[in-house]
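For reference, the structure discussed in these notes is given below.
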Amino acid sequence: MIHIGIRKIAAKVLIAVALACSLSACGNIEPWVKPYERQQLADPIMAANPNPVSASYMDHVFEAREGARGALGGGGGGCGCN
Amino acid sequence: MTFAVFKSRFVRIVAVATLLSPLAANAGVLPDDRADALYHRYEGGGVTIQGPSVLVRKKMAEKYAVSANYYQDMITSASIDVEVSGASEYKEERDQYSLGFEYLRGKTTYNLNYTNSSENDYDAETTSFGISQDLFGDLTTISMGFSRGSDTVGNSTDSTFSQDIDRWSYRVGVSQILTKSLITSLNLEVITDEGFLNNPYRSYRFINPADNRLFVLAQEIYPRTRTSNAVALNGRYFLPYRAAVYGGYRFFTDTWGIRADTFELGYIHPFGPQWTFETRVRYYQQNNADFYADLFQRQKQQNFLARDKELSTFNSIAFRVGASYEFLPTGWRFIKKASANLFYDRIEFSYDDFRDARVSMLPTTDPNFRPAGTEPLYEFGANVIQLFFSGWF
Amino acid sequence: MFLGKWIRVAGLCGALAVSSLVGASASMAPTFALPSRAGDTVSLDQLKGKVVMLNFWASWCGPCRTEMPLLEQMHKRYSSLGFTLVGVNVEANTADAERWLKDTPVSFPVLFDRESKVSKLYDVSAMPSTVFIDRKGNIRYLHKGYKAGDEGEYLNQIRALLKE
């Protein structure tokens, strides 16, 4: 079944994430974008979800009329401070 | 003649994920305090839905944040489904309240959300919990979430009718900064529903045994479970002259046999210190559910029968233009920043296996009459307007 | 006898050399010179003898902006006692920083590290980053990020370093 295929993808994503964790723990690979180079990523036009009420509303407009649902959102980025 | 007050069903899955959960925040710093007031209006296919959405967010001690949202739909519907069922235009109101909490500790953000939606024949409650963690020099953010929903389905024409739906949703996401100007994310979500999944008012149609040019309606029968999987890849790129381009693709499948693709591409262009313009195009296509048919040959032809156009083979394309104006460039008292925003979306829906059954409901002598199954394929366009004000404090 | 004197001199030189090497270990604050907001060039060497608090910041960084008024207070309070705050702005394009400083003026020197040379030199791994340098030019404390309440610790460390 196709949904088992997606479960495999999910497993692979989790493994990739675990690898990313272990890399940062080992410190073998240095973060290639330094904290002081985040100017563009911190720019408000690069914000992941600048208008939450609008995004939530449009997601609802589409979800109510379509068969598909889920996998919305996705953040990260920003200033990376603290 | 039965008088069935037809209602179209708006599925209330956690589309509020983008509203209150900090999947959009990066751990390490909580998003700024804000208040938003939105007026939304959808008009298309004989349906008009409008209403407000108000959000307030406040953080405390840079560790905790609370957010609350009130959303309302005021619905006037004479959609094609209403007309085909022989009912008259109806009016309805749906109220939705959401409350969210966030807790930031180091590079980890925990969030908890509760949403309650109610209308006179449908109640829905969803609780969700999520964790978001920054790693690897804040270049990578992983997030995980779990939601549990519980709906009560009613029927305004039958006060004894009450059915339940239980819903579980699991999501995991990775967001990765690739360069100083590029960030990408991968999100997965699995949703399972169990219970009374169809609309108690909606019918499928089958060929009238007495006259094969006409059709007869019968209540839909849906499976009692549905599991769906979605995986989406998104990216945002900063253009050197200060603009942003974003895009994404989502792949969806479920146990009802639906397969859907969603493509999105958008462009944000600031103009001067106060104006920002946005344009976006979204293309969506899906194939029909296994048990969907526009016209069945006979009643109870198979175990499950549906004629919800949401489950048909169709595509839609949406174009957006939007403008934002920051009208308090230097703030005002406790307000640091404020903006006025207007977004307009035009969505064109085009169905490949859902026909305009009103045409076969005309008198057979009418020149526009077409026999059931040969009516033109249905299509319609919708206008969506959003006018909202945002303030940061 | 003459040789003995030379041996003593050589020994003294050697000791000095060794001690200077020890002094120039990893804890020595790397020296640099950057253009300042006032128009001149400021070098870390010029500030030897003072307690220096080096603060790496950017106008796009929320916690950096929150911290600045507190740093200004610290500078005003202790600058007469041999303390100075030095802000190092890490932005490649300084227009945003200059605009922000017009709204939130500070009296301590703000240097522009447009090419991220000093950020790299100090291995800045968080925004903001604060480095405390003692009178002798050694790095004594390092703070990564800023959270409300950190300023209490800053004050303690300034006072400790001023006493030396």
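Identifiers in this document derive from the order of the structure tokens: chains are assigned A, B, ..., residues are numbered from 1 separately in each chain, and ligands are numbered from 1 in order of occurrence.
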
Please find the residues of chain B near chain C - the criterion being any atom within 10 Å, counting only C-alpha atoms - and write them as an mmCIF file with C-alpha atoms, in the first residue's frame.
```
data_model
loop_
_atom_site.group_PDB
_atom_site.id
_atom_site.type_symbol
_atom_site.label_atom_id
_atom_site.label_comp_id
_atom_site.auth_asym_id
_atom_site.auth_seq_id
_atom_site.Cartn_x
_atom_site.Cartn_y
_atom_site.Cartn_z
ATOM 1 C CA GLY B 28 15.494 29.998 21.070
ATOM 2 C CA VAL B 29 13.239 33.029 20.750
ATOM 3 C CA LEU B 30 9.457 33.153 21.017
ATOM 4 C CA PRO B 31 7.631 35.153 18.333
ATOM 5 C CA ASP B 32 6.685 38.712 19.217
ATOM 6 C CA ALA B 61 9.291 36.314 30.657
ATOM 7 C CA GLU B 62 10.459 35.179 27.214
ATOM 8 C CA LYS B 63 9.589 31.664 28.333
ATOM 9 C CA GLY B 106 16.764 26.613 25.730
ATOM 10 C CA GLY B 137 23.877 25.772 15.218
ATOM 11 C CA ASP B 138 20.199 26.606 14.721
ATOM 12 C CA THR B 330 7.853 54.347 14.017
#
```

* Tell me, as a ChimeraX atom specification, which residues lie within 8 Å of C:Gly87, counting only C-alpha atoms; anything in the same chain fewer than 4 positions away does not count. => /C:54-57,108-111

Limited to N, CA and C atoms, could you put the picked residues into a file as a CSV table (one decimal), in the first residue's frame?
```
chain,number,residue,atom,x,y,z
C,54,LEU,N,33.0,43.3,25.0
C,54,LEU,CA,32.8,43.3,23.6
C,54,LEU,C,31.4,42.6,23.3
C,55,ASN,N,30.5,43.4,22.6
C,55,ASN,CA,29.2,42.8,22.4
C,55,ASN,C,28.9,42.7,20.9
C,56,PHE,N,28.8,41.5,20.4
C,56,PHE,CA,28.5,41.3,19.0
C,56,PHE,C,27.0,41.3,18.8
C,57,TRP,N,26.5,42.2,18.0
C,57,TRP,CA,25.0,42.4,17.9
C,57,TRP,C,24.7,42.7,16.4
C,108,PHE,N,28.4,54.3,23.8
C,108,PHE,CA,29.7,53.5,23.7
C,108,PHE,C,30.0,53.3,22.2
C,109,PRO,N,31.3,53.1,21.9
C,109,PRO,CA,31.7,53.0,20.5
C,109,PRO,C,31.0,51.7,19.9
C,110,VAL,N,30.5,52.0,18.7
C,110,VAL,CA,30.0,50.9,17.9
C,110,VAL,C,30.8,50.7,16.7
C,111,LEU,N,31.4,49.5,16.5
C,111,LEU,CA,32.3,49.2,15.4
C,111,LEU,C,31.5,48.4,14.3
```

* **Contact residues around stretch 283-288 of chain B with only C-alpha atoms at 9 Å, ignoring same-chain residues under 4 positions, as a list in words** => Glu66, Gly67 and Ala68 of chain A; Phe252, Trp256, Gly257, Ile258, Arg259, Ala260, Asp261, Thr262, Phe263, Glu264, Leu265, Tyr292, Ala293, Lys309, Glu310, Leu311, Ser312, Thr313, Phe314, Asn315, Ser316, Ile317, Ala318, Phe319, Asp352 and Asp353 of chain B

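Residues of stretch 26-137 of chain C carrying a DSSP assignment of strand (DSSP E), computed from the backbone, are Ala33, Leu34, Pro35, Thr41, Val42, Ser43, Val51, Val52, Met53, Leu54, Asn55, Phe56, Trp57, Phe83, Thr84, Leu85, Val86, Gly87, Val88, Asn89, Val110, Leu111, Phe112, Ser129, Thr130, Val131, Phe132 and Ile133 of chain C.
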
* To do: When you get a sec, could you note down which chain A residues fall within 7 Å of chain B, using only C-alpha atoms, as a PyMOL selection string?
  => chain A and resi 3+6+10+21+24+31+33+37-38+40-41+45-46+48-49+52-53+55-56+59-60+64-68+70-71+73-78+80-82

Closest atom pairs, residues of chain A within 7 Å of chain C, only C-alpha atoms, as JSON lines:
```
{"residue": "A:Lys34", "atom": "CA", "partner": "C:Ser125", "partner_atom": "CA", "distance": 6.8}
{"residue": "A:Pro35", "atom": "CA", "partner": "C:Ala126", "partner_atom": "CA", "distance": 5.5}
{"residue": "A:Tyr36", "atom": "CA", "partner": "C:Val90", "partner_atom": "CA", "distance": 6.0}
{"residue": "A:Gln39", "atom": "CA", "partner": "C:Trp60", "partner_atom": "CA", "distance": 6.4}
{"residue": "A:Ala42", "atom": "CA", "partner": "C:Trp60", "partner_atom": "CA", "distance": 6.3}
{"residue": "A:Cys79", "atom": "CA", "partner": "C:Cys61", "partner_atom": "CA", "distance": 6.0}
{"residue": "A:Cys81", "atom": "CA", "partner": "C:Met127", "partner_atom": "CA", "distance": 4.9}
{"residue": "A:Asn82", "atom": "CA", "partner": "C:Gly145", "partner_atom": "CA", "distance": 4.0}
```

Write to file, as a tab-separated table (two decimals), in the first residue's frame, the residues of the selection just made, with C-alpha atoms.
```tsv
chain	number	residue	atom	x	y	z
A	34	LYS	CA	27.18	31.39	11.10
A	35	PRO	CA	24.88	33.14	13.58
A	36	TYR	CA	26.17	36.49	12.36
A	39	GLN	CA	20.54	38.75	8.24
A	42	ALA	CA	15.88	36.98	9.82
A	79	CYS	CA	17.23	34.97	13.47
A	81	CYS	CA	19.33	33.98	18.34
A	82	ASN	CA	19.93	32.66	21.89
```

* Go ahead and compute the interatomic distance for atom CA of C:Trp100 and atom CA of C:Asn156, in Å to one decimal. => 28.5 Å

* To do: Would you please extract all helix (DSSP H, G or I) residues from stretch 19-90 of chain B, as assigned by DSSP on the backbone, and give them as a ChimeraX atom specification?
  => /B:19-20,22-24,80-84

* Structure fact -> Counting only C-alpha atoms, the residue among B:Arg41, B:Trp275, B:Asn198, B:Ala382 that lies closest to A:Ser54 is B:Arg41

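Between atom CA of C:Lys50 and atom CA of C:Phe83 there is a distance of 5.4 Å.
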
* **Who sits within 10 Å of stretch 203-217 of chain B, only C-alpha atoms, same chain under 6 positions skipped, as a count of residues only** => 29

* **Between atom CA of B:Tyr110 and atom CA of B:Phe146 - distance in Å to one decimal** => 11.8 Å
